[in-house]
file my_file.cif (mmCIF, C-alpha atoms and all ligand atoms)
data_upload
#
loop_
_atom_site.group_PDB
_atom_site.id
_atom_site.type_symbol
_atom_site.label_atom_id
_atom_site.label_comp_id
_atom_site.auth_asym_id
_atom_site.auth_seq_id
_atom_site.Cartn_x
_atom_site.Cartn_y
_atom_site.Cartn_z
ATOM 1 C CA MET A 157 79.232 -56.242 212.261
ATOM 2 C CA THR A 158 81.056 -54.635 215.189
ATOM 3 C CA TRP A 159 84.770 -54.363 214.550
ATOM 4 C CA THR A 160 87.575 -53.890 217.074
ATOM 5 C CA VAL A 161 91.271 -53.025 216.656
ATOM 6 C CA PRO A 162 92.438 -56.656 217.195
ATOM 7 C CA MET A 163 89.754 -57.996 214.816
ATOM 8 C CA VAL A 164 90.749 -55.656 211.976
ATOM 9 C CA ALA A 165 94.460 -56.313 212.559
ATOM 10 C CA HIS A 166 93.839 -60.057 212.401
ATOM 11 C CA THR A 167 91.645 -59.743 209.300
ATOM 12 C CA LEU A 168 94.223 -57.648 207.417
ATOM 13 C CA LEU A 169 97.131 -59.983 208.221
ATOM 14 C CA ASP A 170 95.005 -62.996 207.347
ATOM 15 C CA ALA A 171 94.075 -61.416 204.008
ATOM 16 C CA GLU A 172 97.753 -60.773 203.342
ATOM 17 C CA ASN A 173 98.681 -64.371 204.198
ATOM 18 C CA ARG A 174 95.865 -65.836 202.104
ATOM 19 C CA ARG A 175 96.178 -63.296 199.253
ATOM 20 C CA GLN A 176 92.500 -62.543 199.667
ATOM 21 C CA ASP A 177 91.303 -59.009 198.984
ATOM 22 C CA LEU A 178 88.777 -57.257 201.247
ATOM 23 C CA GLY A 179 86.123 -54.556 201.244
ATOM 24 C CA ARG A 180 86.721 -51.303 203.109
ATOM 25 C CA PHE A 181 86.333 -51.342 206.880
ATOM 26 C CA THR A 182 85.189 -47.701 206.828
ATOM 27 C CA ASP A 183 82.003 -48.853 205.054
ATOM 28 C CA GLU A 184 81.092 -50.897 208.135
ATOM 29 C CA TRP A 185 82.762 -49.132 211.065
ATOM 30 C CA ALA A 186 81.964 -45.420 211.406
ATOM 31 C CA GLU A 187 84.343 -45.011 214.371
ATOM 32 C CA LEU A 188 87.356 -46.017 212.244
ATOM 33 C CA ASP A 189 89.163 -42.678 212.219
ATOM 34 C CA LEU A 190 92.884 -41.973 211.794
ATOM 35 C CA ASP A 191 93.691 -42.525 215.483
ATOM 36 C CA VAL A 192 92.054 -45.932 215.449
ATOM 37 C CA ALA A 193 93.674 -46.723 212.094
ATOM 38 C CA TYR A 194 97.165 -46.125 213.484
ATOM 39 C CA GLN A 195 96.278 -48.307 216.495
ATOM 40 C CA ILE A 196 95.400 -51.076 214.031
ATOM 41 C CA GLN A 197 98.646 -50.482 212.114
ATOM 42 C CA ASP A 198 100.623 -50.750 215.377
ATOM 43 C CA GLU A 199 98.718 -53.903 216.317
ATOM 44 C CA THR A 200 99.639 -55.524 212.993
ATOM 45 C CA LEU A 201 103.272 -54.530 213.643
ATOM 46 C CA ALA A 202 103.134 -56.136 217.110
ATOM 47 C CA ARG A 203 101.798 -59.318 215.518
ATOM 48 C CA ARG A 204 104.542 -59.283 212.857
ATOM 49 C CA ILE A 205 107.151 -58.918 215.629
ATOM 50 C CA MET A 206 105.506 -61.767 217.588
ATOM 51 C CA ARG A 207 106.059 -64.012 214.572
ATOM 52 C CA GLY A 208 109.764 -63.092 214.417
ATOM 53 C CA GLU A 209 110.009 -60.046 212.160
ATOM 54 C CA HIS A 210 111.893 -56.923 213.170
ATOM 55 C CA ILE A 211 111.555 -53.264 212.211
ATOM 56 C CA ILE A 212 113.951 -52.036 209.516
ATOM 57 C CA GLY A 213 112.421 -48.595 209.106
ATOM 58 C CA VAL A 214 109.377 -46.700 207.977
ATOM 59 C CA LYS A 215 107.711 -45.736 204.752
ATOM 60 C CA LEU A 216 105.776 -42.673 203.815
ATOM 61 C CA GLY A 217 102.882 -43.033 201.451
ATOM 62 C CA LEU A 218 100.925 -40.598 199.334
ATOM 63 C CA THR A 219 103.605 -37.922 199.592
ATOM 64 C CA SER A 220 103.080 -36.732 196.026
ATOM 65 C CA ARG A 221 100.035 -34.669 195.099
ATOM 66 C CA ALA A 222 99.585 -36.668 191.907
ATOM 67 C CA LYS A 223 99.385 -39.883 193.865
ATOM 68 C CA GLN A 224 96.990 -38.435 196.435
ATOM 69 C CA GLN A 225 94.657 -37.339 193.646
ATOM 70 C CA ARG A 226 94.881 -40.681 191.905
ATOM 71 C CA MET A 227 94.066 -42.628 195.081
ATOM 72 C CA GLY A 228 91.368 -40.159 196.169
ATOM 73 C CA VAL A 229 92.927 -39.239 199.529
ATOM 74 C CA ASP A 230 94.297 -35.916 200.667
ATOM 75 C CA ALA A 231 97.125 -36.515 203.147
ATOM 76 C CA PRO A 232 100.425 -38.392 203.433
ATOM 77 C CA LEU A 233 100.755 -41.260 205.883
ATOM 78 C CA THR A 234 103.427 -43.361 207.578
ATOM 79 C CA ALA A 235 103.731 -47.117 207.986
ATOM 80 C CA TRP A 236 106.133 -49.787 209.187
ATOM 81 C CA LEU A 237 108.772 -51.727 207.277
ATOM 82 C CA THR A 238 110.048 -55.070 208.581
ATOM 83 C CA ASP A 239 112.819 -57.375 207.407
ATOM 84 C CA ALA A 240 110.225 -59.715 205.879
ATOM 85 C CA MET A 241 109.353 -56.962 203.378
ATOM 86 C CA ALA A 242 112.921 -56.357 202.181
ATOM 87 C CA LEU A 243 114.193 -57.898 198.965
ATOM 88 C CA GLY A 244 117.805 -57.830 197.808
ATOM 89 C CA SER A 245 118.586 -55.608 194.856
ATOM 90 C CA GLY A 246 117.782 -57.568 191.699
ATOM 91 C CA ALA A 247 115.935 -60.344 193.536
ATOM 92 C CA PRO A 248 112.730 -61.539 191.851
ATOM 93 C CA VAL A 249 109.455 -60.424 193.413
ATOM 94 C CA PRO A 250 107.497 -63.525 194.525
ATOM 95 C CA LEU A 251 104.127 -62.847 192.903
ATOM 96 C CA ASP A 252 102.602 -65.928 194.509
ATOM 97 C CA SER A 253 102.746 -64.156 197.883
ATOM 98 C CA LEU A 254 101.087 -60.906 196.760
ATOM 99 C CA ILE A 255 97.538 -59.997 195.720
ATOM 100 C CA HIS A 256 97.854 -57.321 193.012
ATOM 101 C CA PRO A 257 101.322 -55.753 193.273
ATOM 102 C CA ARG A 258 102.201 -52.369 191.861
ATOM 103 C CA VAL A 259 105.665 -50.808 191.626
ATOM 104 C CA GLU A 260 106.740 -47.262 192.421
ATOM 105 C CA PRO A 261 110.198 -45.615 192.415
ATOM 106 C CA GLU A 262 111.295 -43.926 195.623
ATOM 107 C CA ILE A 263 114.225 -42.096 197.177
ATOM 108 C CA VAL A 264 115.421 -43.902 200.297
ATOM 109 C CA PHE A 265 117.289 -42.489 203.278
ATOM 110 C CA VAL A 266 119.316 -44.500 205.777
ATOM 111 C CA LEU A 267 119.666 -42.740 209.118
ATOM 112 C CA GLY A 268 123.112 -42.291 210.633
ATOM 113 C CA ARG A 269 121.671 -41.216 213.970
ATOM 114 C CA PRO A 270 118.281 -41.159 215.699
ATOM 115 C CA LEU A 271 115.781 -38.594 214.485
ATOM 116 C CA ALA A 272 112.821 -37.393 216.547
ATOM 117 C CA GLY A 273 110.339 -34.583 216.209
ATOM 118 C CA PRO A 274 108.770 -32.220 216.912
ATOM 119 C CA GLY A 275 110.362 -29.319 215.105
ATOM 120 C CA VAL A 276 112.401 -31.330 212.585
ATOM 121 C CA THR A 277 113.001 -29.401 209.352
ATOM 122 C CA ALA A 278 114.171 -30.685 205.992
ATOM 123 C CA THR A 279 117.649 -29.384 206.821
ATOM 124 C CA SER A 280 117.871 -30.981 210.260
ATOM 125 C CA ALA A 281 116.370 -34.200 208.874
ATOM 126 C CA LEU A 282 118.996 -34.377 206.147
ATOM 127 C CA ALA A 283 121.738 -33.870 208.736
ATOM 128 C CA ALA A 284 120.691 -37.202 210.311
ATOM 129 C CA VAL A 285 121.017 -39.089 207.015
ATOM 130 C CA ALA A 286 124.036 -41.345 206.482
ATOM 131 C CA ALA A 287 123.220 -42.456 202.948
ATOM 132 C CA VAL A 288 120.769 -41.967 200.111
ATOM 133 C CA HIS A 289 119.725 -44.839 197.833
ATOM 134 C CA ALA A 290 117.504 -45.361 194.849
ATOM 135 C CA GLY A 291 114.595 -47.580 195.778
ATOM 136 C CA ILE A 292 111.546 -49.403 194.548
ATOM 137 C CA GLU A 293 108.489 -50.159 196.622
ATOM 138 C CA VAL A 294 106.179 -52.970 195.582
ATOM 139 C CA ILE A 295 102.863 -51.947 197.100
ATOM 140 C CA ASP A 296 100.023 -54.432 197.558
ATOM 141 C CA SER A 297 96.736 -53.258 199.018
ATOM 142 C CA ARG A 298 94.610 -55.738 200.888
ATOM 143 C CA TYR A 299 91.541 -53.849 199.583
ATOM 144 C CA ARG A 300 89.742 -54.868 196.427
ATOM 145 C CA ASP A 301 90.947 -52.848 193.430
ATOM 146 C CA PHE A 302 93.032 -50.591 195.725
ATOM 147 C CA ARG A 303 89.775 -48.876 196.777
ATOM 148 C CA PHE A 304 90.084 -47.392 200.263
ATOM 149 C CA ARG A 305 89.661 -44.282 202.363
ATOM 150 C CA LEU A 306 92.581 -42.795 204.283
ATOM 151 C CA ALA A 307 91.792 -44.658 207.527
ATOM 152 C CA ASP A 308 91.497 -47.987 205.661
ATOM 153 C CA VAL A 309 94.897 -47.640 204.026
ATOM 154 C CA VAL A 310 96.587 -46.470 207.245
ATOM 155 C CA ALA A 311 95.234 -49.557 209.011
ATOM 156 C CA ASP A 312 96.570 -51.675 206.124
ATOM 157 C CA ASN A 313 100.140 -50.447 206.786
ATOM 158 C CA ALA A 314 99.907 -48.198 203.709
ATOM 159 C CA SER A 315 99.650 -51.093 201.250
ATOM 160 C CA SER A 316 103.089 -52.389 202.272
ATOM 161 C CA GLY A 317 104.431 -55.242 200.160
ATOM 162 C CA ARG A 318 108.138 -55.412 199.430
ATOM 163 C CA VAL A 319 110.963 -52.869 199.299
ATOM 164 C CA VAL A 320 114.211 -52.945 197.350
ATOM 165 C CA ALA A 321 117.093 -50.499 197.823
ATOM 166 C CA GLY A 322 119.727 -50.003 195.155
ATOM 167 C CA SER A 323 123.359 -50.805 195.837
ATOM 168 C CA VAL A 324 124.642 -47.243 195.299
ATOM 169 C CA ALA A 325 124.829 -45.391 198.642
ATOM 170 C CA LEU A 326 125.665 -41.690 198.495
ATOM 171 C CA PRO A 327 126.005 -39.121 201.280
ATOM 172 C CA PRO A 328 123.285 -36.472 200.982
ATOM 173 C CA GLN A 329 125.778 -33.604 200.883
ATOM 174 C CA GLY A 330 126.411 -32.599 197.303
ATOM 175 C CA LEU A 331 123.160 -34.119 195.999
ATOM 176 C CA ASP A 332 120.277 -31.896 194.952
ATOM 177 C CA LEU A 333 117.508 -34.361 195.670
ATOM 178 C CA ALA A 334 114.731 -32.033 194.503
ATOM 179 C CA LEU A 335 116.298 -32.169 191.042
ATOM 180 C CA GLU A 336 117.299 -35.849 191.139
ATOM 181 C CA PRO A 337 115.724 -37.306 187.995
ATOM 182 C CA CYS A 338 113.983 -40.658 187.836
ATOM 183 C CA VAL A 339 112.840 -42.573 184.757
ATOM 184 C CA LEU A 340 110.594 -45.605 185.208
ATOM 185 C CA HIS A 341 110.923 -48.293 182.518
ATOM 186 C CA VAL A 342 108.539 -51.210 182.104
ATOM 187 C CA ASN A 343 109.833 -53.959 179.829
ATOM 188 C CA GLY A 344 112.158 -51.500 178.118
ATOM 189 C CA GLU A 345 109.624 -48.692 177.628
ATOM 190 C CA VAL A 346 109.644 -45.406 179.499
ATOM 191 C CA VAL A 347 106.311 -45.085 181.313
ATOM 192 C CA HIS A 348 106.922 -42.259 183.822
ATOM 193 C CA THR A 349 109.471 -39.573 184.599
ATOM 194 C CA ALA A 350 109.802 -37.389 187.686
ATOM 195 C CA THR A 351 112.270 -35.576 189.881
ATOM 196 C CA GLY A 352 112.658 -35.745 193.655
ATOM 197 C CA ALA A 353 110.581 -32.575 193.972
ATOM 198 C CA ALA A 354 107.492 -34.707 193.288
ATOM 199 C CA VAL A 355 107.734 -35.847 196.915
ATOM 200 C CA GLN A 356 106.666 -32.919 199.128
ATOM 201 C CA GLY A 357 108.855 -30.524 197.123
ATOM 202 C CA HIS A 358 111.979 -32.332 198.412
ATOM 203 C CA PRO A 359 112.351 -35.869 199.836
ATOM 204 C CA ALA A 360 113.912 -34.407 202.998
ATOM 205 C CA GLU A 361 110.572 -32.667 203.636
ATOM 206 C CA ALA A 362 109.001 -36.128 203.663
ATOM 207 C CA LEU A 363 111.658 -37.342 206.107
ATOM 208 C CA ALA A 364 110.950 -34.358 208.388
ATOM 209 C CA LEU A 365 107.222 -35.052 208.097
ATOM 210 C CA ALA A 366 107.799 -38.653 209.194
ATOM 211 C CA ALA A 367 109.934 -37.581 212.168
ATOM 212 C CA ASN A 368 107.378 -35.023 213.311
ATOM 213 C CA THR A 369 104.278 -37.150 212.860
ATOM 214 C CA LEU A 370 105.854 -40.236 214.446
ATOM 215 C CA ALA A 371 106.897 -38.071 217.408
ATOM 216 C CA GLY A 372 103.200 -37.362 217.921
ATOM 217 C CA ARG A 373 102.843 -41.095 218.637
ATOM 218 C CA GLY A 374 105.959 -41.149 220.859
ATOM 219 C CA ILE A 375 108.153 -42.813 218.230
ATOM 220 C CA THR A 376 111.809 -41.919 217.536
ATOM 221 C CA MET A 377 113.322 -43.053 214.251
ATOM 222 C CA GLU A 378 116.443 -45.079 215.046
ATOM 223 C CA GLU A 379 119.968 -45.041 213.675
ATOM 224 C CA GLY A 380 120.171 -47.520 210.792
ATOM 225 C CA TRP A 381 116.483 -47.310 209.880
ATOM 226 C CA CYS A 382 115.681 -46.891 206.235
ATOM 227 C CA VAL A 383 112.995 -44.412 205.248
ATOM 228 C CA TYR A 384 111.147 -44.860 201.941
ATOM 229 C CA THR A 385 109.939 -41.350 201.190
ATOM 230 C CA GLY A 386 107.026 -42.149 198.855
ATOM 231 C CA GLY A 387 106.398 -42.846 195.204
ATOM 232 C CA LEU A 388 107.801 -40.267 192.790
ATOM 233 C CA THR A 389 105.416 -41.404 190.066
ATOM 234 C CA ASP A 390 102.189 -43.282 189.801
ATOM 235 C CA ALA A 391 102.575 -46.978 190.643
ATOM 236 C CA VAL A 392 102.537 -49.479 187.767
ATOM 237 C CA PRO A 393 101.241 -53.071 187.896
ATOM 238 C CA LEU A 394 103.797 -55.889 188.147
ATOM 239 C CA ALA A 395 102.954 -59.143 186.363
ATOM 240 C CA ALA A 396 104.863 -62.371 185.822
ATOM 241 C CA GLY A 397 107.746 -61.832 183.428
ATOM 242 C CA ASP A 398 107.744 -58.037 183.787
ATOM 243 C CA GLN A 399 111.015 -56.243 184.315
ATOM 244 C CA ILE A 400 110.680 -52.787 185.869
ATOM 245 C CA VAL A 401 113.683 -50.473 186.184
ATOM 246 C CA ALA A 402 113.832 -47.224 188.150
ATOM 247 C CA GLU A 403 116.758 -45.302 186.705
ATOM 248 C CA PHE A 404 117.968 -42.306 188.697
ATOM 249 C CA GLY A 405 120.413 -39.570 187.691
ATOM 250 C CA HIS A 406 123.010 -39.978 190.451
ATOM 251 C CA LEU A 407 121.659 -42.795 192.609
ATOM 252 C CA GLY A 408 121.951 -45.594 190.043
ATOM 253 C CA SER A 409 119.192 -48.000 189.062
ATOM 254 C CA VAL A 410 116.987 -50.533 190.802
ATOM 255 C CA THR A 411 115.329 -53.410 188.974
ATOM 256 C CA VAL A 412 112.516 -55.727 189.944
ATOM 257 C CA THR A 413 111.202 -58.680 187.998
ATOM 258 C CA GLY A 414 107.880 -60.441 188.524
ATOM 259 C CA GLU A 415 108.237 -64.186 189.077
HETATM 260 O O1 LIG B 1 103.628 -46.172 199.395
HETATM 261 C C1 LIG B 1 102.593 -45.635 199.006
HETATM 262 O O2 LIG B 1 102.585 -44.495 198.502
HETATM 263 C C2 LIG B 1 101.312 -46.374 199.131
HETATM 264 C C3 LIG B 1 100.433 -45.695 200.063
HETATM 265 C C4 LIG B 1 99.095 -46.318 200.016
HETATM 266 C C5 LIG B 1 98.309 -45.940 198.821
HETATM 267 C C6 LIG B 1 98.427 -46.929 197.725
HETATM 268 O O3 LIG B 1 98.164 -48.108 197.953
HETATM 269 O O4 LIG B 1 98.746 -46.502 196.628
HETATM 270 MG MG MG B 2 105.547 -46.157 198.508
#
call {"tool": "encode", "arguments": {"input": "my_file.cif", "output": "C-alpha cells"}}
result
Amino acid sequence: MTWTVPMVAHTLLDAENRRQDLGRFTDEWAELDLDVAYQIQDETLARRIMRGEHIIGVKLGLTSRAKQQRMGVDAPLTAWLTDAMALGSGAPVPLDSLIHPRVEPEIVFVLGRPLAGPGVTATSALAAVAAVHAGIEVIDSRYRDFRFRLADVVADNASSGRVVAGSVALPPQGLDLALEPCVLHVNGEVVHTATGAAVQGHPAEALALAANTLAGRGITMEEGWCVYTGGLTDAVPLAAGDQIVAEFGHLGSVTVTGE
C-alpha cells in the first residue's frame, strides 16, 4: 500500500473516532521519517481545527529516560493539545471515547508571554511562565498495544488523549521544580514516585526543548498556552471505576476517575 500524508492523517483520526487500533505505518511506508511524521501531525491538527477545535498548547512526550526505554524510542517529541482534549479537574474520563487509556503525572506550565527559539534556555523559558500546575495526561495510542516507532508516535500526535490541570496555580519563582515530588496513587495504593528531575533533569529544560524544536518548524508558543512537560513516571492503565491521584509536594493533587 502506498501511503500519503493526508491518508495517514485521515486514518489516525478515523481510528481515534472509531476507537479502532492500528498497526504501525512504518512497517508499510519506508519513507515515513520524522519530517513526514510531523507533517502528518500538523495535518491532523488542521483537520481538528476544521471541525471546530482550537489549540490550547503543546505537550512533550518521552522526556524521561525511563519512559523512552520502556517505549523503545530514544528521543523526546512534541505534539498538539486542543480544547477537545482538556478535562476539568476532577471530571470523569469518558472511557467509551478512548481505546486503551493510560495515565501519567506531569508538571504543566502556562505561558505568560510568547516563547520562541532558537537559543531558549531553561532559565529564559522559566521567565516566560506565568503559572505552574500539577497535571495528569491520559494518553491513548492509536497503535495496537502501544507498539510504535518514533515516527509512528509523532504522526499519532504523541498518543494524545485527555489532559487535566490541577486547580493550584503557583508562580515558578520560589519553586524548585527539579525537587518537586510526585506520588502516583491507583485506587489508594502508591504505584510510582518521582521528582521533577525525571523530566530532562528539570521540567524547564523540557519547556526550552519545546520552544527550540518548535522554532525549527516556524512555530512560536503563544501567551496563555499550556505546556505538558512529559510523564514523570511510567504511565498506568485506567479502567472503569479506577481512581488515580497524582499528589505533588507544592502543586497540590490531580485526580482522574475512569467512567
Ligand atoms: O506523553 C507522552 O509521554 C506520550 C508520548 C508517546 C509515547 C506513549 O504513548 O507512551
Ligand atoms: Mg505525556
call {"tool": "residues_around", "arguments": {"input": "my_file.cif", "residues": "Asp189 (chain A)", "least_positions_apart": "4", "cutoff": "9 Å", "atoms": "all atoms listed in the file", "output": "PyMOL selection string"}}
result
chain A and resi 182+193-194+306-308
call {"tool": "closest_residue", "arguments": {"input": "my_file.cif", "among": "A:Glu345, A:Glu378, A:Glu403, A:Glu260", "to": "Ala391 (chain A)", "atoms": "all atoms listed in the file"}}
result
A:Glu260
call {"tool": "resolve_selection", "arguments": {"input": "my_file.cif", "expression": "the PyMOL selection byres (((chain A and resi 356) around 12) and not hetatm)", "output": "number ranges by chain"}}
result
A: 216-224, 231-232, 278, 333-334, 351-355, 357-366, 385-388
call {"tool": "residues_around", "arguments": {"input": "my_file.cif", "residues": "Cys338 (chain A)", "least_positions_apart": "3", "cutoff": "10 Å", "atoms": "all atoms listed in the file", "output": "PyMOL selection string"}}
result
chain A and resi 261-263+290+335+341+348-352+388-389+401-409
call {"tool": "resolve_selection", "arguments": {"input": "my_file.cif", "expression": "the PyMOL selection byres (((chain A and resi 292) around 7) and not hetatm)", "output": "ChimeraX atom specification"}}
result
/A:259-262,291,293-294,319-321,410
call {"tool": "write_last_selection", "arguments": {"input": "my_file.cif", "atoms": "C-alpha atoms", "output": "mmCIF file, in the coordinates of the input"}}
result
data_model
loop_
_atom_site.group_PDB
_atom_site.id
_atom_site.type_symbol
_atom_site.label_atom_id
_atom_site.label_comp_id
_atom_site.auth_asym_id
_atom_site.auth_seq_id
_atom_site.Cartn_x
_atom_site.Cartn_y
_atom_site.Cartn_z
ATOM 1 C CA VAL A 259 105.665 -50.808 191.626
ATOM 2 C CA GLU A 260 106.740 -47.262 192.421
ATOM 3 C CA PRO A 261 110.198 -45.615 192.415
ATOM 4 C CA GLU A 262 111.295 -43.926 195.623
ATOM 5 C CA GLY A 291 114.595 -47.580 195.778
ATOM 6 C CA GLU A 293 108.489 -50.159 196.622
ATOM 7 C CA VAL A 294 106.179 -52.970 195.582
ATOM 8 C CA VAL A 319 110.963 -52.869 199.299
ATOM 9 C CA VAL A 320 114.211 -52.945 197.350
ATOM 10 C CA ALA A 321 117.093 -50.499 197.823
ATOM 11 C CA VAL A 410 116.987 -50.533 190.802
#
call {"tool": "resolve_selection", "arguments": {"input": "my_file.cif", "expression": "the PyMOL selection byres (((chain A and resi 305) around 12) and not hetatm)", "output": "list in words"}}
result
Gly179, Arg180, Phe181, Thr182, Asp183, Ala186, Leu188, Asp189, Leu190, Ala193, Gln224, Met227, Gly228, Val229, Asp230, Ala231, Ser297, Tyr299, Phe302, Arg303, Phe304, Leu306, Ala307, Asp308, Val309, Val310, Ala311, Asp312 and Ala314 of chain A
call {"tool": "residues_near_point", "arguments": {"input": "my_file.cif", "point": "(104.8, -63.2, 185.6)", "cutoff": "7 Å", "atoms": "all atoms listed in the file", "output": "PDB file with C-alpha atoms, in the coordinates of the input"}}
result
ATOM      1  CA  ALA A 395     102.954 -59.143 186.363  1.00  0.00           C
ATOM      2  CA  ALA A 396     104.863 -62.371 185.822  1.00  0.00           C
ATOM      3  CA  GLY A 397     107.746 -61.832 183.428  1.00  0.00           C
ATOM      4  CA  ASP A 398     107.744 -58.037 183.787  1.00  0.00           C
ATOM      5  CA  GLY A 414     107.880 -60.441 188.524  1.00  0.00           C
ATOM      6  CA  GLU A 415     108.237 -64.186 189.077  1.00  0.00           C
TER       7      GLU A 415
END
call {"tool": "residues_around", "arguments": {"input": "my_file.cif", "residues": "Ala235 (chain A)", "least_positions_apart": "5", "cutoff": "6 Å", "atoms": "all atoms listed in the file", "output": "list in words"}}
result
Val214, Lys215, Asn313 and Ala314 of chain A
call {"tool": "closest_residue", "arguments": {"input": "my_file.cif", "among": "A:Met157, A:Ala367, A:Leu233, A:Ala284", "to": "ligand LIG 1 (chain B)", "atoms": "all atoms listed in the file"}}
result
A:Leu233
call {"tool": "axis_aligned_box", "arguments": {"input": "my_file.cif", "around": "region 202-214 of chain A", "padding_each_side": "5 Å", "output": "lines of an AutoDock Vina configuration file"}}
result
center_x = 107.9
center_y = -55.4
center_z = 212.8
size_x = 22.2
size_y = 27.3
size_z = 19.6
call {"tool": "build_atoms", "arguments": {"input": "my_file.cif", "residues": "region 161-184 of chain A", "atoms": "N, CA and C atoms", "output": "PDB file, in the frame of the given file"}}
result
ATOM      1  N   VAL A 161      89.887 -53.129 217.154  1.00  0.00           N
ATOM      2  CA  VAL A 161      91.271 -53.025 216.656  1.00  0.00           C
ATOM      3  C   VAL A 161      91.887 -54.416 216.443  1.00  0.00           C
ATOM      4  N   PRO A 162      91.835 -55.332 217.416  1.00  0.00           N
ATOM      5  CA  PRO A 162      92.438 -56.656 217.195  1.00  0.00           C
ATOM      6  C   PRO A 162      91.772 -57.413 216.044  1.00  0.00           C
ATOM      7  N   MET A 163      90.442 -57.271 215.904  1.00  0.00           N
ATOM      8  CA  MET A 163      89.754 -57.996 214.816  1.00  0.00           C
ATOM      9  C   MET A 163      90.220 -57.506 213.456  1.00  0.00           C
ATOM     10  N   VAL A 164      90.328 -56.179 213.290  1.00  0.00           N
ATOM     11  CA  VAL A 164      90.749 -55.656 211.976  1.00  0.00           C
ATOM     12  C   VAL A 164      92.199 -56.032 211.715  1.00  0.00           C
ATOM     13  N   ALA A 165      93.049 -55.938 212.742  1.00  0.00           N
ATOM     14  CA  ALA A 165      94.460 -56.313 212.559  1.00  0.00           C
ATOM     15  C   ALA A 165      94.564 -57.766 212.107  1.00  0.00           C
ATOM     16  N   HIS A 166      93.818 -58.633 212.775  1.00  0.00           N
ATOM     17  CA  HIS A 166      93.839 -60.057 212.401  1.00  0.00           C
ATOM     18  C   HIS A 166      93.341 -60.244 210.971  1.00  0.00           C
ATOM     19  N   THR A 167      92.255 -59.564 210.628  1.00  0.00           N
ATOM     20  CA  THR A 167      91.645 -59.743 209.300  1.00  0.00           C
ATOM     21  C   THR A 167      92.597 -59.272 208.199  1.00  0.00           C
ATOM     22  N   LEU A 168      93.283 -58.157 208.436  1.00  0.00           N
ATOM     23  CA  LEU A 168      94.223 -57.648 207.417  1.00  0.00           C
ATOM     24  C   LEU A 168      95.411 -58.601 207.238  1.00  0.00           C
ATOM     25  N   LEU A 169      95.973 -59.081 208.347  1.00  0.00           N
ATOM     26  CA  LEU A 169      97.131 -59.983 208.221  1.00  0.00           C
ATOM     27  C   LEU A 169      96.714 -61.316 207.598  1.00  0.00           C
ATOM     28  N   ASP A 170      95.516 -61.747 207.928  1.00  0.00           N
ATOM     29  CA  ASP A 170      95.005 -62.996 207.347  1.00  0.00           C
ATOM     30  C   ASP A 170      94.791 -62.837 205.843  1.00  0.00           C
ATOM     31  N   ALA A 171      94.269 -61.675 205.440  1.00  0.00           N
ATOM     32  CA  ALA A 171      94.075 -61.416 204.008  1.00  0.00           C
ATOM     33  C   ALA A 171      95.417 -61.395 203.282  1.00  0.00           C
ATOM     34  N   GLU A 172      96.406 -60.799 203.935  1.00  0.00           N
ATOM     35  CA  GLU A 172      97.753 -60.773 203.342  1.00  0.00           C
ATOM     36  C   GLU A 172      98.293 -62.196 203.195  1.00  0.00           C
ATOM     37  N   ASN A 173      98.148 -62.998 204.239  1.00  0.00           N
ATOM     38  CA  ASN A 173      98.681 -64.371 204.198  1.00  0.00           C
ATOM     39  C   ASN A 173      97.964 -65.217 203.160  1.00  0.00           C
ATOM     40  N   ARG A 174      96.651 -65.004 203.029  1.00  0.00           N
ATOM     41  CA  ARG A 174      95.865 -65.836 202.104  1.00  0.00           C
ATOM     42  C   ARG A 174      95.710 -65.207 200.728  1.00  0.00           C
ATOM     43  N   ARG A 175      96.294 -64.031 200.530  1.00  0.00           N
ATOM     44  CA  ARG A 175      96.178 -63.296 199.253  1.00  0.00           C
ATOM     45  C   ARG A 175      94.709 -63.118 198.871  1.00  0.00           C
ATOM     46  N   GLN A 176      93.944 -62.681 199.861  1.00  0.00           N
ATOM     47  CA  GLN A 176      92.500 -62.543 199.667  1.00  0.00           C
ATOM     48  C   GLN A 176      92.145 -61.076 199.839  1.00  0.00           C
ATOM     49  N   ASP A 177      91.597 -60.432 198.811  1.00  0.00           N
ATOM     50  CA  ASP A 177      91.303 -59.009 198.984  1.00  0.00           C
ATOM     51  C   ASP A 177      90.003 -58.799 199.771  1.00  0.00           C
ATOM     52  N   LEU A 178      89.860 -57.576 200.296  1.00  0.00           N
ATOM     53  CA  LEU A 178      88.777 -57.257 201.247  1.00  0.00           C
ATOM     54  C   LEU A 178      88.020 -56.015 200.809  1.00  0.00           C
ATOM     55  N   GLY A 179      86.824 -55.839 201.361  1.00  0.00           N
ATOM     56  CA  GLY A 179      86.123 -54.556 201.244  1.00  0.00           C
ATOM     57  C   GLY A 179      86.655 -53.583 202.290  1.00  0.00           C
ATOM     58  N   ARG A 180      86.217 -52.332 202.189  1.00  0.00           N
ATOM     59  CA  ARG A 180      86.721 -51.303 203.109  1.00  0.00           C
ATOM     60  C   ARG A 180      86.079 -51.433 204.481  1.00  0.00           C
ATOM     61  N   PHE A 181      86.890 -51.326 205.522  1.00  0.00           N
ATOM     62  CA  PHE A 181      86.333 -51.342 206.880  1.00  0.00           C
ATOM     63  C   PHE A 181      85.524 -50.086 207.164  1.00  0.00           C
ATOM     64  N   THR A 182      85.916 -48.955 206.552  1.00  0.00           N
ATOM     65  CA  THR A 182      85.189 -47.701 206.828  1.00  0.00           C
ATOM     66  C   THR A 182      83.736 -47.771 206.368  1.00  0.00           C
ATOM     67  N   ASP A 183      83.404 -48.700 205.467  1.00  0.00           N
ATOM     68  CA  ASP A 183      82.003 -48.853 205.054  1.00  0.00           C
ATOM     69  C   ASP A 183      81.156 -49.446 206.178  1.00  0.00           C
ATOM     70  N   GLU A 184      81.829 -50.160 207.102  1.00  0.00           N
ATOM     71  CA  GLU A 184      81.092 -50.897 208.135  1.00  0.00           C
ATOM     72  C   GLU A 184      81.324 -50.368 209.535  1.00  0.00           C
TER      73      GLU A 184
END
